[in-house]
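Okay, structure first, notes after.
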Amino acid sequence: MADRPERAGAGPPQARRGARSTNPLLRSDERKQMQGRVLLLTICAAGIGGTFQFGYNLSIINAPTLHIQEFINETWRVRTGQPLPRHLVLLVWSLIVSLYPLGGLFGALLAGPLAVMLGRKKSLLVNNIFVVAAATLFGFSRRAGSFEMVILGRLLIGVSAGMGGRSSSCLSIPAHSGVSMSVQPMYLGESAPKELRGAVAMTPAIFTALGIVMGQVVGLREVLGDPWAWPLLLASCLVPGVLQLASLPLLPESPRYLLIDCGDTEACLAALQRLRGTADVAQELSELDEERAACRGQRARRPWELLQDRGLRRQVTSLAVLGGALELCGNDSVYAVASSVFRGAGVPDAEVQYAVVGTGSCELLAACVSCVLIERVGRRVLLIAGYSLMTCWGSIFTVALCLQSSVPWMPYLAMSCIFAFILSFGIGPAGVTGILATELFDQKSRPAAYMVCGVLMWILLFLVGLGFPFIMEGLSHFFYVPFLGVCVCGAIYTAFFLPETKGKSFLEISEELDRLKEADFLKQNQGPDWSGPEVILSTEL
């Protein structure tokens, strides 16, 4: 009896700690914490040098606009002894601005082959070569007296940071392409577990909005908005690149790429165990094996093959319609007129820059909310709600602009509509659209899908930038009316044609798309009712 308390007391402290460590509930909590830490580090390492760069370089170009134009004029005066005519200064500035989206187009064409040849993680790392080169050109441009270095730097940073540009000094178009903007969501979508894939795939939108806000803050007069600090402001893109180069090599490659593209089962298993924080990944590895079996014997598709394959018609159509709606929904037009609306509402010119920071903060807040909601309500609900709310706020915004000269409080309503519109855009289309290419296409088609999506968006981006000044001039206060139709079409298409992918594995999504394809095929090939002469089954005799 004397030794009974000793047995009941669970032994010495070491034994008690060992007993706690074998508790399955505690092991489960530890695995979840480990999974959360590694996945969070992967998201941050990919995002800081990916979509953060896109948003950051998209917004920092606004603050030094006048300073760079003065630098162009002064450089030309030093070279020739005469100032550069005003229209040529604007031409050079337009070239600097437009080369950023042109670089994004090159990045979109480069992203697919890089992701296949080098892998997702190595593509993001190699992408920083463009960042280092661009930052060097920016930093030494004024000392070298060369505005050509700024031009080339904007082209290189466009290739790296992704697509998106400004056809005017205040036009902001968050979009998804270029090297980092294509590879980052591909890498994260393939690395995340299916129950968290939507939330993880939304993080590129969060980093985009965070980059826009940080660029707006760093460009303030009190930080790096000084006339003599603009080379340092443009070269500050090197900081996120260095952070990614220091952190991303420590994290695993996409397990799907390792198994399906490279055929390396051991590396895939090790990557899964690190990302999931557990050695028991048999079920997920089995799903990956099934996905590899479905892709066996296939090579990576080329972009034109997606367009020729009738079996991918629904996926390509969804990508084209909703990707086009993202660019044509009018978010860029709202950003373009934001400053003038703020001034009309009585915001002093000196304070407008802080109000503009508020617009970027709204998009960041909305992206965070969407990340929390996407695995609860699904992709379709967020897209439908986003486009519907944008239609509502756009209609009210149009009415407010028409009545702002006659009703005293209408300018304030117009300013409120800008923030509400940006919130609606961030909750729905801004982030969810970027998931489509990841979830609707299989491993062999996914890189090509991102290339198609990027090129399509760039063409639409160019058309919007080219036509928006004429729309403003021709429609005046009704400039948003054409975009209302796009928002309505985006909501309707999502409601009737886009399948829900929440909580499904890539194989389950592929099987559902196959069922939809078979149903469409049966509808198209169902013969018409017989309309010929009546068939006589008996004779009078």
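Letters for chains follow the order of the structure tokens (A, B, ...), residue numbers begin at 1 for each chain, and ligand numbers begin at 1 in the order shown.
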
Thr359 (chain A) environment, 12 Å, only C-alpha atoms, sequence neighbours closer than 2 positions dropped, as a PDB file with C-alpha atoms, in the first residue's frame:
ATOM      1  CA  SER A  59       1.980  53.821 -55.226  1.00  0.00           C
ATOM      2  CA  SER A 172      -4.356  52.831 -59.579  1.00  0.00           C
ATOM      3  CA  ALA A 209      -2.988  46.515 -50.334  1.00  0.00           C
ATOM      4  CA  LEU A 210      -0.285  46.632 -47.648  1.00  0.00           C
ATOM      5  CA  ILE A 212      -0.005  50.365 -51.595  1.00  0.00           C
ATOM      6  CA  VAL A 213      -0.462  51.780 -48.089  1.00  0.00           C
ATOM      7  CA  GLN A 216       1.669  56.045 -49.808  1.00  0.00           C
ATOM      8  CA  VAL A 217       3.071  56.494 -46.291  1.00  0.00           C
ATOM      9  CA  ASN A 331     -11.977  50.647 -59.611  1.00  0.00           C
ATOM     10  CA  VAL A 334     -12.710  55.773 -58.689  1.00  0.00           C
ATOM     11  CA  TYR A 335      -9.052  56.106 -57.712  1.00  0.00           C
ATOM     12  CA  ALA A 336      -8.494  58.562 -60.567  1.00  0.00           C
ATOM     13  CA  VAL A 337     -11.150  61.009 -59.388  1.00  0.00           C
ATOM     14  CA  ALA A 338     -10.583  60.525 -55.659  1.00  0.00           C
ATOM     15  CA  SER A 339      -8.335  63.554 -55.182  1.00  0.00           C
ATOM     16  CA  PHE A 342     -11.797  65.080 -51.729  1.00  0.00           C
ATOM     17  CA  VAL A 352      -5.384  65.381 -49.647  1.00  0.00           C
ATOM     18  CA  GLN A 353      -2.348  63.093 -49.461  1.00  0.00           C
ATOM     19  CA  TYR A 354      -3.551  61.797 -46.086  1.00  0.00           C
ATOM     20  CA  ALA A 355      -7.028  61.152 -47.465  1.00  0.00           C
ATOM     21  CA  VAL A 356      -5.432  59.178 -50.299  1.00  0.00           C
ATOM     22  CA  VAL A 357      -3.653  57.042 -47.678  1.00  0.00           C
ATOM     23  CA  SER A 361      -6.090  51.564 -45.877  1.00  0.00           C
ATOM     24  CA  CYS A 362      -9.684  50.749 -46.842  1.00  0.00           C
ATOM     25  CA  GLU A 363      -8.497  48.242 -49.423  1.00  0.00           C
ATOM     26  CA  LEU A 364      -6.141  46.669 -46.873  1.00  0.00           C
ATOM     27  CA  LEU A 365      -8.947  46.359 -44.312  1.00  0.00           C
ATOM     28  CA  ALA A 366     -11.286  44.837 -46.887  1.00  0.00           C
ATOM     29  CA  MET A 415     -16.478  60.971 -50.800  1.00  0.00           C
ATOM     30  CA  SER A 416     -18.175  58.318 -48.656  1.00  0.00           C
ATOM     31  CA  CYS A 417     -19.067  56.340 -51.776  1.00  0.00           C
ATOM     32  CA  ILE A 418     -15.388  56.220 -52.763  1.00  0.00           C
ATOM     33  CA  PHE A 419     -14.437  54.529 -49.511  1.00  0.00           C
ATOM     34  CA  ALA A 420     -17.469  52.209 -49.640  1.00  0.00           C
ATOM     35  CA  PHE A 421     -16.680  51.277 -53.248  1.00  0.00           C
ATOM     36  CA  ILE A 422     -13.050  50.441 -52.452  1.00  0.00           C
ATOM     37  CA  LEU A 423     -14.161  48.345 -49.469  1.00  0.00           C
ATOM     38  CA  PHE A 425     -13.878  45.881 -54.327  1.00  0.00           C
ATOM     39  CA  GLY A 426     -11.420  44.615 -51.718  1.00  0.00           C
TER      40      GLY A 426
END

Would you tabulate, counting only C-alpha atoms, all residues of region 337-421 of chain A that have an atom at most 8 Å from an atom of region 463-483 of chain A, showing the closest pair of atoms and their distance in Å to one decimal, sorted by chain then ascending number, as a Markdown table?
| residue | atom | partner | partner_atom | distance |
| --- | --- | --- | --- | --- |
| A:Gly394 | CA | A:Tyr480 | CA | 6.8 |
| A:Ser395 | CA | A:Val481 | CA | 7.8 |
| A:Thr398 | CA | A:Phe478 | CA | 6.0 |
| A:Leu401 | CA | A:His477 | CA | 5.7 |
| A:Cys402 | CA | A:His477 | CA | 5.8 |

Can those selected residues be exported to a file as a PDB file, in the first residue's frame so that it contains N, CA and C atoms?
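After the write, selection-v6.pdb holds the following:
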ATOM      1  N   GLY A 394     -21.626  52.603 -56.907  1.00  0.00           N
ATOM      2  CA  GLY A 394     -21.349  53.338 -58.137  1.00  0.00           C
ATOM      3  C   GLY A 394     -22.543  54.142 -58.612  1.00  0.00           C
ATOM      4  N   SER A 395     -23.735  53.576 -58.443  1.00  0.00           N
ATOM      5  CA  SER A 395     -24.948  54.313 -58.825  1.00  0.00           C
ATOM      6  C   SER A 395     -25.149  55.541 -57.944  1.00  0.00           C
ATOM      7  N   THR A 398     -22.632  58.240 -58.816  1.00  0.00           N
ATOM      8  CA  THR A 398     -22.998  58.994 -60.021  1.00  0.00           C
ATOM      9  C   THR A 398     -24.035  60.062 -59.707  1.00  0.00           C
ATOM     10  N   LEU A 401     -22.385  62.950 -57.801  1.00  0.00           N
ATOM     11  CA  LEU A 401     -21.601  63.830 -58.660  1.00  0.00           C
ATOM     12  C   LEU A 401     -22.490  64.779 -59.457  1.00  0.00           C
ATOM     13  N   CYS A 402     -23.646  64.278 -59.905  1.00  0.00           N
ATOM     14  CA  CYS A 402     -24.555  65.114 -60.686  1.00  0.00           C
ATOM     15  C   CYS A 402     -25.172  66.233 -59.848  1.00  0.00           C
TER      16      CYS A 402
END

*Please provide the set of residues having any atom within 10 Å of Trp228 (chain A), restricted to only C-alpha atoms, with same-chain residues fewer than 2 positions apart removed, written as a list in words.*
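The contact residues come out as Pro64, His67, Ile68, Arg142, Leu224, Gly225, Asp226, Trp230, Pro231, Leu232 and Leu233 of chain A.
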
*asked:* From a backbone DSSP assignment, name each residue in region 351-459 of chain A labelled alpha helix (DSSP H), as a count of residues only.
replied: 91

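With CA of Ile96 (chain A) on one side and CA of Ile151 (chain A) on the other, the separation reads 5.0 Å.
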
*So how far away is CA of Phe462 (chain A) from CA of Leu124 (chain A), in Å?*
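Here the two named atoms are 25.8 Å from each other.
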
_Here is a test: counting only C-alpha atoms, which residue of A:Cys262, A:Ile72, A:Val89, A:Pro185 is nearest to Glu148 (chain A)?_
A:Ile72

Closest pair table for region 265-366 of chain A residues within 9 Å of region 488-509 of chain A, only C-alpha atoms, as a tab-separated table:
residue	atom	partner	partner_atom	distance
A:Glu287	CA	A:Leu507	CA	7.6
A:Leu288	CA	A:Leu507	CA	8.5
A:Glu290	CA	A:Leu507	CA	7.7
A:Glu291	CA	A:Leu507	CA	6.0
A:Ala294	CA	A:Leu507	CA	8.6
A:Arg314	CA	A:Phe497	CA	8.3
A:Gln315	CA	A:Leu498	CA	8.7
A:Ser318	CA	A:Leu498	CA	6.8
A:Val321	CA	A:Gly490	CA	7.4
A:Leu322	CA	A:Gly490	CA	6.3
A:Ala325	CA	A:Gly490	CA	6.0
A:Leu326	CA	A:Gly490	CA	8.6
A:Cys329	CA	A:Gly490	CA	8.6

So that I can check the surroundings of Arg143 (chain A), please list as a PDB file with C-alpha atoms, in the first residue's frame every protein, DNA and RNA residue that reaches within 12 Å of it, counting only C-alpha atoms and ignoring chain neighbours fewer than 4 positions away.
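Printed below is result-v5.pdb as written:
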ATOM      1  CA  PHE A  71      15.091  66.236 -62.920  1.00  0.00           C
ATOM      2  CA  THR A  75      19.327  66.901 -67.025  1.00  0.00           C
ATOM      3  CA  THR A 136      20.664  50.202 -58.389  1.00  0.00           C
ATOM      4  CA  LEU A 137      19.516  52.190 -61.406  1.00  0.00           C
ATOM      5  CA  PHE A 138      17.138  54.289 -59.311  1.00  0.00           C
ATOM      6  CA  GLY A 139      19.668  54.987 -56.572  1.00  0.00           C
ATOM      7  CA  PHE A 147      16.826  59.910 -66.555  1.00  0.00           C
ATOM      8  CA  MET A 149      18.269  54.917 -65.815  1.00  0.00           C
ATOM      9  CA  VAL A 150      14.896  55.716 -64.277  1.00  0.00           C
ATOM     10  CA  TRP A 228      15.963  65.498 -52.945  1.00  0.00           C
ATOM     11  CA  PRO A 231      16.087  58.371 -55.786  1.00  0.00           C
ATOM     12  CA  LEU A 232      16.112  56.837 -52.320  1.00  0.00           C
TER      13      LEU A 232
END

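You will find CA of Leu248 (chain A) at 12.4 Å from CA of Leu188 (chain A).
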
*Which residues come within 9 Å of Ser123 (chain A), counting only C-alpha atoms, excluding same-chain residues fewer than 4 positions away, as a ChimeraX atom specification?*
/A:111,114-115,117-119,127-128,179-180,183

Keeping only C-alpha atoms, write the selected residues as a short mmCIF file (atom, residue, chain, number, x, y, z; two decimals), in the first residue's frame.
data_model
loop_
_atom_site.label_atom_id
_atom_site.label_comp_id
_atom_site.auth_asym_id
_atom_site.auth_seq_id
_atom_site.Cartn_x
_atom_site.Cartn_y
_atom_site.Cartn_z
CA ALA A 111 6.10 33.62 -65.27
CA LEU A 114 9.93 30.03 -65.03
CA ALA A 115 7.42 28.29 -62.74
CA MET A 117 11.53 25.06 -65.24
CA LEU A 118 12.71 26.39 -61.87
CA GLY A 119 9.79 25.69 -59.58
CA ASN A 127 12.79 37.31 -59.67
CA ASN A 128 14.71 39.48 -57.20
CA VAL A 179 6.41 37.11 -62.40
CA SER A 180 5.75 37.51 -58.68
CA VAL A 183 4.00 32.69 -59.18
#

Show me a table, sorted first by chain and then by increasing residue number, of the residues of region 223-245 of chain A having an atom at most 6 Å from region 44-53 of chain A, each with its shortest atom pair and the distance in Å to one decimal, counting only C-alpha atoms and written as JSON lines.
{"residue": "A:Pro240", "atom": "CA", "partner": "A:Gly49", "partner_atom": "CA", "distance": 5.3}
{"residue": "A:Gly241", "atom": "CA", "partner": "A:Gly49", "partner_atom": "CA", "distance": 5.1}
{"residue": "A:Gln244", "atom": "CA", "partner": "A:Gly49", "partner_atom": "CA", "distance": 5.3}

Take the residues from that selection and put them in a file with N, CA and C atoms, as a compact mmCIF listing (two decimals), in the first residue's frame.
# COMPACT_ATOMS: atom_id res chain seq x y z
N PRO A 240 12.28 45.08 -49.41
CA PRO A 240 11.48 43.86 -49.45
C PRO A 240 12.17 42.73 -50.21
N GLY A 241 12.92 43.06 -51.27
CA GLY A 241 13.62 42.02 -52.01
C GLY A 241 14.67 41.32 -51.16
N GLN A 244 13.01 38.94 -48.69
CA GLN A 244 12.60 37.67 -49.28
C GLN A 244 13.80 36.77 -49.55

Write out as a Markdown table a residue-level contact list of region 348-458 of chain A versus region 511-519 of chain A with cut-off 12 Å: for each qualifying residue the closest pair of atoms and the distance in Å to one decimal, counting only C-alpha atoms, rows sorted by chain and residue number upward.
| residue | atom | partner | partner_atom | distance |
| --- | --- | --- | --- | --- |
| A:Glu439 | CA | A:Leu513 | CA | 10.8 |
| A:Leu440 | CA | A:Leu513 | CA | 8.1 |
| A:Phe441 | CA | A:Leu513 | CA | 9.7 |
| A:Asp442 | CA | A:Glu511 | CA | 10.8 |

_Would you pick out the contacts of Ile157 (chain A) at 7 Å or less, using only C-alpha atoms, so that residues sharing its chain but fewer than 5 positions from it are not included, and give the list as a list in words?_
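Selected residues are Tyr100, Phe130, Val131 and Ala134 of chain A.
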
*Proximity to Val97 (chain A) - best of A:Arg154, A:Arg77, A:Lys121, A:Arg446, only C-alpha atoms*: A:Arg154
